[in-house]
Amino acid sequence: MFLKLLCNRPSNIFALVVVMVLVSSAIFAPLLAPFDPTEQFFDGLTIEGAPLPPNSRFLLGTDLLGRDLLSRIIYGSQTSLVIGLVANSVAIFIGVLVGVIAAYVKGFVGSALMRFTDLIMAFPALLLAIALAAIFTPSIWIVAMVIALVNWVQIARVIYSETLAISAKDFVMAEVSIGISPIKILFYHILPHLLPTILVWATLGISTTVLLEATLSYLGVGVQPPTPSWGNIIFENQTYFTISPWLVFIPGSVIILLSLSFNILGDALRDALDPTLNGRGDA
């Protein structure tokens with residue numbers, strides 16, 4: 001069904017191609033990048049010291065320090081996607097764990113977990129991420145953990161609601177009445193029903209984490225130069241926006257393309273896994 005939806009919708013095919021290109025560029029960055037992303041070229045600036053526009057040698061031009069922009073964007077895909085995947089995976093794990101335990105155990109433990117979730121949700125995610133990032137020394141892994149710590153609450157809420165609904169189903173009540181172990185019910189009957197929701201959130205969440213990483217890097221509390229990321233490329237070159245707009249426009253476009261593509265694929269995955277939505281895209 002998922003493959004059928006991809007074939008029937010040009011937007012899905014476009015999104016899949018974009019994701020495959022960017023993921024491939026991250027994996028094969030040393031082979032694809034024409035130059036070292038940290039190398040400052042003597043001829044990489046104009047006589048006035050301004051960045052070079054796109055040309056035959058530097059296909060996307062150079063940045064404010066005379067470094068090849070294409071190489072930095074290719075290597076930046078490694079940073080942004082690694083943070084996106086790691087942060088999203090950790091956030092999904094924490095959210096599913098908290099949501100399932102709170103809904104299945106209930107009582108004081110469940111109430112305490114959900115009130116803590118509500119407390120975290122009360123803080124603006126960006127401000128909380130900035131505060132956490134400012135406390136620790138910024139690095140790729142620290143930024144990933146900071147993003148994970150502010151992004152798990154949404155999935156926890158969704159999983160909590162769905163677990164409560166599934167636990168009240170007749171087949172679960174029947175399992176309980178005949179004395180089936182709660183652990184077996186959880187792993188064999190509840191978690192499999194949560195898998196479609198987890199997969200959809202795992203896909204949609206990547207775009208959120210990539211955007212948040214770019215925002216933190218742009219604000220100077222994310223991945224620190226000279227390590228390239230799409231956010232700090234924009235941050236470093238923002239002063240040249242009026243005379244060298246490609247320095248901001250190109251990495252910004254890549255961020256938007258990746259986020260949009262993962263959102264489209266997440267929507268297609270939801271359509272494929274939710275039987276109530278089957279045929280919606282063909283209408």
# chains A, B, ... in the order shown; residues from 1 in each chain; ligands from 1

$ select_by_dssp --residues "region 152-259 of chain A" --states "helix (DSSP H, G or I)" --output "MDAnalysis selection string"
chainID A and resid 152:167 170:177 182:218 230:240 246:259

$ residues_around --residues "Leu31 (chain A)" --least-positions-apart "6" --cutoff "12 Å" --atoms "only C-alpha atoms" --output "PyMOL selection string"
chain A and resi 24-25+71+74-75

$ closest_residue --among "A:Arg9, A:Arg72, A:Arg67, A:Lys169" --to "Gly231 (chain A)" --atoms "only C-alpha atoms"
A:Arg72

$ closest_residue --among "A:Leu60, A:Met114, A:Val223, A:Ile264" --to "Thr203 (chain A)" --atoms "only C-alpha atoms"
A:Ile264

$ closest_atom_pairs --of "region 167-236 of chain A" --to "region 131-153 of chain A" --cutoff "10 Å" --atoms "only C-alpha atoms" --output "Markdown table"
| residue | atom | partner | partner_atom | distance |
| --- | --- | --- | --- | --- |
| A:Gly205 | CA | A:Asn151 | CA | 8.4 |
| A:Thr208 | CA | A:Asn151 | CA | 8.5 |
| A:Thr209 | CA | A:Ile147 | CA | 6.6 |
| A:Val210 | CA | A:Ile147 | CA | 9.4 |
| A:Leu212 | CA | A:Ile147 | CA | 7.2 |
| A:Glu213 | CA | A:Val143 | CA | 7.3 |
| A:Leu216 | CA | A:Ala133 | CA | 8.3 |
| A:Ser217 | CA | A:Val143 | CA | 9.1 |
| A:Gly220 | CA | A:Pro138 | CA | 9.3 |
| A:Val221 | CA | A:Ala133 | CA | 5.9 |
| A:Gly222 | CA | A:Pro138 | CA | 5.9 |
| A:Val223 | CA | A:Ser139 | CA | 5.5 |
| A:Gln224 | CA | A:Pro138 | CA | 6.8 |
| A:Thr227 | CA | A:Ile140 | CA | 9.1 |
| A:Ser229 | CA | A:Ile140 | CA | 9.7 |

$ atom_distance --atom1 "CA of Val82 (chain A)" --atom2 "CA of Leu127 (chain A)"
22.3 Å

$ residues_around --residues "Leu194 (chain A)" --least-positions-apart "5" --cutoff "8 Å" --atoms "only C-alpha atoms" --output "list in words"
Ile159, Glu162 and Thr163 of chain A

$ closest_residue --among "A:Asn263, A:Thr215, A:Ser80, A:Gln238" --to "Ala129 (chain A)" --atoms "only C-alpha atoms"
A:Thr215

$ closest_residue --among "A:Pro251, A:Pro196, A:Pro226, A:Pro124" --to "Asp267 (chain A)" --atoms "only C-alpha atoms"
A:Pro196

$ select_by_dssp --residues "region 16-186 of chain A" --states "strand (DSSP E or B)" --output "VMD selection string"
chain A and resid 45 51 62 68

$ write_last_selection --atoms "N, CA, C and O atoms" --output "mmCIF file, in the first residue's frame"
data_model
loop_
_atom_site.group_PDB
_atom_site.id
_atom_site.type_symbol
_atom_site.label_atom_id
_atom_site.label_comp_id
_atom_site.auth_asym_id
_atom_site.auth_seq_id
_atom_site.Cartn_x
_atom_site.Cartn_y
_atom_site.Cartn_z
ATOM 1 N N LEU A 45 38.031 34.530 -2.357
ATOM 2 C CA LEU A 45 37.375 35.809 -2.096
ATOM 3 C C LEU A 45 37.725 36.787 -3.202
ATOM 4 O O LEU A 45 38.741 36.646 -3.892
ATOM 5 N N PRO A 51 32.676 37.240 -0.614
ATOM 6 C CA PRO A 51 32.537 35.872 -1.127
ATOM 7 C C PRO A 51 32.369 35.855 -2.645
ATOM 8 O O PRO A 51 31.809 36.794 -3.233
ATOM 9 N N THR A 62 31.526 30.757 -2.712
ATOM 10 C CA THR A 62 32.278 30.592 -1.462
ATOM 11 C C THR A 62 31.617 31.404 -0.353
ATOM 12 O O THR A 62 30.773 32.262 -0.611
ATOM 13 N N ASP A 68 34.517 26.602 0.212
ATOM 14 C CA ASP A 68 33.560 26.169 -0.812
ATOM 15 C C ASP A 68 32.203 25.896 -0.171
ATOM 16 O O ASP A 68 32.082 25.036 0.718
#

$ closest_residue --among "A:Val17, A:Ile206, A:Ile198, A:Ile130" --to "Val158 (chain A)" --atoms "only C-alpha atoms"
A:Ile198

$ decode --residues "region 117-250 of chain A" --atoms "C-alpha atoms" --output "PDB file, in the first residue's frame"
ATOM      1  CA  THR A 117       4.902  15.725  30.753  1.00  0.00           C
ATOM      2  CA  ASP A 118       2.441  18.613  31.068  1.00  0.00           C
ATOM      3  CA  LEU A 119       5.090  20.613  32.944  1.00  0.00           C
ATOM      4  CA  ILE A 120       7.618  20.165  30.137  1.00  0.00           C
ATOM      5  CA  MET A 121       4.963  21.011  27.528  1.00  0.00           C
ATOM      6  CA  ALA A 122       4.236  24.264  29.359  1.00  0.00           C
ATOM      7  CA  PHE A 123       7.694  25.586  28.452  1.00  0.00           C
ATOM      8  CA  PRO A 124       8.244  26.838  24.877  1.00  0.00           C
ATOM      9  CA  ALA A 125      10.358  24.147  23.223  1.00  0.00           C
ATOM     10  CA  LEU A 126      12.809  26.599  21.644  1.00  0.00           C
ATOM     11  CA  LEU A 127      13.435  28.526  24.870  1.00  0.00           C
ATOM     12  CA  LEU A 128      13.910  25.290  26.804  1.00  0.00           C
ATOM     13  CA  ALA A 129      16.325  23.995  24.160  1.00  0.00           C
ATOM     14  CA  ILE A 130      18.299  27.255  24.220  1.00  0.00           C
ATOM     15  CA  ALA A 131      18.544  27.107  28.024  1.00  0.00           C
ATOM     16  CA  LEU A 132      19.729  23.487  28.016  1.00  0.00           C
ATOM     17  CA  ALA A 133      22.176  24.089  25.160  1.00  0.00           C
ATOM     18  CA  ALA A 134      23.628  27.091  26.990  1.00  0.00           C
ATOM     19  CA  ILE A 135      24.274  25.002  30.109  1.00  0.00           C
ATOM     20  CA  PHE A 136      26.306  22.317  28.346  1.00  0.00           C
ATOM     21  CA  THR A 137      29.280  22.652  26.016  1.00  0.00           C
ATOM     22  CA  PRO A 138      27.780  22.542  22.504  1.00  0.00           C
ATOM     23  CA  SER A 139      28.667  19.516  20.360  1.00  0.00           C
ATOM     24  CA  ILE A 140      26.817  17.298  17.905  1.00  0.00           C
ATOM     25  CA  TRP A 141      25.799  14.793  20.587  1.00  0.00           C
ATOM     26  CA  ILE A 142      24.919  17.397  23.204  1.00  0.00           C
ATOM     27  CA  VAL A 143      22.712  19.221  20.690  1.00  0.00           C
ATOM     28  CA  ALA A 144      21.034  15.907  19.765  1.00  0.00           C
ATOM     29  CA  MET A 145      20.297  15.124  23.418  1.00  0.00           C
ATOM     30  CA  VAL A 146      19.000  18.649  24.070  1.00  0.00           C
ATOM     31  CA  ILE A 147      16.590  18.372  21.138  1.00  0.00           C
ATOM     32  CA  ALA A 148      15.472  14.922  22.292  1.00  0.00           C
ATOM     33  CA  LEU A 149      14.765  16.241  25.795  1.00  0.00           C
ATOM     34  CA  VAL A 150      12.342  18.869  24.482  1.00  0.00           C
ATOM     35  CA  ASN A 151      10.689  16.798  21.734  1.00  0.00           C
ATOM     36  CA  TRP A 152       9.532  13.659  23.556  1.00  0.00           C
ATOM     37  CA  VAL A 153       6.467  15.202  25.194  1.00  0.00           C
ATOM     38  CA  GLN A 154       4.227  15.257  22.110  1.00  0.00           C
ATOM     39  CA  ILE A 155       4.702  11.587  21.279  1.00  0.00           C
ATOM     40  CA  ALA A 156       4.280  10.724  24.986  1.00  0.00           C
ATOM     41  CA  ARG A 157       0.856  12.396  24.996  1.00  0.00           C
ATOM     42  CA  VAL A 158      -0.242  10.621  21.816  1.00  0.00           C
ATOM     43  CA  ILE A 159       0.989   7.208  22.989  1.00  0.00           C
ATOM     44  CA  TYR A 160      -0.655   7.727  26.385  1.00  0.00           C
ATOM     45  CA  SER A 161      -4.048   8.390  24.779  1.00  0.00           C
ATOM     46  CA  GLU A 162      -3.783   5.474  22.363  1.00  0.00           C
ATOM     47  CA  THR A 163      -2.606   3.059  25.056  1.00  0.00           C
ATOM     48  CA  LEU A 164      -5.582   3.999  27.219  1.00  0.00           C
ATOM     49  CA  ALA A 165      -7.929   3.376  24.289  1.00  0.00           C
ATOM     50  CA  ILE A 166      -6.352   0.028  23.381  1.00  0.00           C
ATOM     51  CA  SER A 167      -6.305  -1.112  27.026  1.00  0.00           C
ATOM     52  CA  ALA A 168     -10.082  -0.657  27.154  1.00  0.00           C
ATOM     53  CA  LYS A 169     -10.688  -2.861  24.090  1.00  0.00           C
ATOM     54  CA  ASP A 170     -12.574  -6.121  24.538  1.00  0.00           C
ATOM     55  CA  PHE A 171      -9.679  -8.323  23.415  1.00  0.00           C
ATOM     56  CA  VAL A 172      -7.378  -6.806  26.040  1.00  0.00           C
ATOM     57  CA  MET A 173     -10.015  -7.160  28.762  1.00  0.00           C
ATOM     58  CA  ALA A 174     -10.461 -10.791  27.727  1.00  0.00           C
ATOM     59  CA  GLU A 175      -6.711 -11.385  28.032  1.00  0.00           C
ATOM     60  CA  VAL A 176      -6.751  -9.866  31.511  1.00  0.00           C
ATOM     61  CA  SER A 177      -9.751 -11.937  32.602  1.00  0.00           C
ATOM     62  CA  ILE A 178      -8.061 -15.237  31.737  1.00  0.00           C
ATOM     63  CA  GLY A 179      -4.928 -14.313  33.653  1.00  0.00           C
ATOM     64  CA  ILE A 180      -2.484 -13.460  30.864  1.00  0.00           C
ATOM     65  CA  SER A 181       0.653 -11.762  32.177  1.00  0.00           C
ATOM     66  CA  PRO A 182       0.515  -7.935  31.924  1.00  0.00           C
ATOM     67  CA  ILE A 183       3.970  -7.973  30.325  1.00  0.00           C
ATOM     68  CA  LYS A 184       2.767 -10.356  27.604  1.00  0.00           C
ATOM     69  CA  ILE A 185      -0.337  -8.254  26.992  1.00  0.00           C
ATOM     70  CA  LEU A 186       1.817  -5.165  26.702  1.00  0.00           C
ATOM     71  CA  PHE A 187       4.389  -6.605  24.306  1.00  0.00           C
ATOM     72  CA  TYR A 188       2.179  -8.916  22.229  1.00  0.00           C
ATOM     73  CA  HIS A 189      -1.121  -7.021  22.064  1.00  0.00           C
ATOM     74  CA  ILE A 190      -0.668  -3.335  22.886  1.00  0.00           C
ATOM     75  CA  LEU A 191       2.709  -2.363  21.435  1.00  0.00           C
ATOM     76  CA  PRO A 192       1.964  -3.906  17.993  1.00  0.00           C
ATOM     77  CA  HIS A 193      -1.128  -1.696  17.767  1.00  0.00           C
ATOM     78  CA  LEU A 194       1.004   1.333  18.623  1.00  0.00           C
ATOM     79  CA  LEU A 195       3.587   0.577  15.934  1.00  0.00           C
ATOM     80  CA  PRO A 196       1.847   2.522  13.089  1.00  0.00           C
ATOM     81  CA  THR A 197       1.651   5.647  15.260  1.00  0.00           C
ATOM     82  CA  ILE A 198       5.293   5.275  16.293  1.00  0.00           C
ATOM     83  CA  LEU A 199       6.431   4.886  12.677  1.00  0.00           C
ATOM     84  CA  VAL A 200       4.495   7.940  11.524  1.00  0.00           C
ATOM     85  CA  TRP A 201       5.815  10.088  14.377  1.00  0.00           C
ATOM     86  CA  ALA A 202       9.340   8.805  13.742  1.00  0.00           C
ATOM     87  CA  THR A 203       9.098  10.014  10.144  1.00  0.00           C
ATOM     88  CA  LEU A 204       7.422  13.348  10.875  1.00  0.00           C
ATOM     89  CA  GLY A 205       9.709  14.040  13.828  1.00  0.00           C
ATOM     90  CA  ILE A 206      12.867  14.133  11.714  1.00  0.00           C
ATOM     91  CA  SER A 207      11.772  17.369  10.062  1.00  0.00           C
ATOM     92  CA  THR A 208      11.082  18.910  13.472  1.00  0.00           C
ATOM     93  CA  THR A 209      14.482  17.943  14.849  1.00  0.00           C
ATOM     94  CA  VAL A 210      16.332  19.161  11.746  1.00  0.00           C
ATOM     95  CA  LEU A 211      14.528  22.521  11.963  1.00  0.00           C
ATOM     96  CA  LEU A 212      15.254  22.834  15.684  1.00  0.00           C
ATOM     97  CA  GLU A 213      18.930  21.971  15.143  1.00  0.00           C
ATOM     98  CA  ALA A 214      19.154  24.589  12.407  1.00  0.00           C
ATOM     99  CA  THR A 215      17.501  27.145  14.689  1.00  0.00           C
ATOM    100  CA  LEU A 216      19.872  26.430  17.590  1.00  0.00           C
ATOM    101  CA  SER A 217      22.909  26.583  15.297  1.00  0.00           C
ATOM    102  CA  TYR A 218      21.655  29.836  13.781  1.00  0.00           C
ATOM    103  CA  LEU A 219      21.291  31.309  17.281  1.00  0.00           C
ATOM    104  CA  GLY A 220      24.845  30.259  18.127  1.00  0.00           C
ATOM    105  CA  VAL A 221      24.023  27.621  20.766  1.00  0.00           C
ATOM    106  CA  GLY A 222      24.014  24.618  18.453  1.00  0.00           C
ATOM    107  CA  VAL A 223      26.812  22.967  16.499  1.00  0.00           C
ATOM    108  CA  GLN A 224      29.831  25.240  16.653  1.00  0.00           C
ATOM    109  CA  PRO A 225      32.044  26.260  13.699  1.00  0.00           C
ATOM    110  CA  PRO A 226      34.155  25.096  11.965  1.00  0.00           C
ATOM    111  CA  THR A 227      31.963  21.948  11.998  1.00  0.00           C
ATOM    112  CA  PRO A 228      29.461  22.677   9.229  1.00  0.00           C
ATOM    113  CA  SER A 229      25.717  22.412   9.742  1.00  0.00           C
ATOM    114  CA  TRP A 230      23.017  24.041   7.679  1.00  0.00           C
ATOM    115  CA  GLY A 231      22.037  26.305  10.556  1.00  0.00           C
ATOM    116  CA  ASN A 232      25.492  27.654  11.334  1.00  0.00           C
ATOM    117  CA  ILE A 233      26.213  28.165   7.619  1.00  0.00           C
ATOM    118  CA  ILE A 234      23.322  30.654   7.597  1.00  0.00           C
ATOM    119  CA  PHE A 235      24.466  32.130  10.922  1.00  0.00           C
ATOM    120  CA  GLU A 236      28.022  32.713   9.716  1.00  0.00           C
ATOM    121  CA  ASN A 237      27.023  34.308   6.418  1.00  0.00           C
ATOM    122  CA  GLN A 238      23.971  36.357   7.399  1.00  0.00           C
ATOM    123  CA  THR A 239      25.907  39.620   7.280  1.00  0.00           C
ATOM    124  CA  TYR A 240      26.446  39.082   3.530  1.00  0.00           C
ATOM    125  CA  PHE A 241      22.780  38.442   2.810  1.00  0.00           C
ATOM    126  CA  THR A 242      22.263  41.621   0.798  1.00  0.00           C
ATOM    127  CA  ILE A 243      25.334  41.265  -1.437  1.00  0.00           C
ATOM    128  CA  SER A 244      25.654  37.437  -1.510  1.00  0.00           C
ATOM    129  CA  PRO A 245      22.115  36.102  -0.979  1.00  0.00           C
ATOM    130  CA  TRP A 246      23.026  32.583  -2.148  1.00  0.00           C
ATOM    131  CA  LEU A 247      24.928  32.068   1.118  1.00  0.00           C
ATOM    132  CA  VAL A 248      21.620  32.145   3.010  1.00  0.00           C
ATOM    133  CA  PHE A 249      19.158  31.137   0.316  1.00  0.00           C
ATOM    134  CA  ILE A 250      20.815  27.830  -0.665  1.00  0.00           C
TER     135      ILE A 250
END
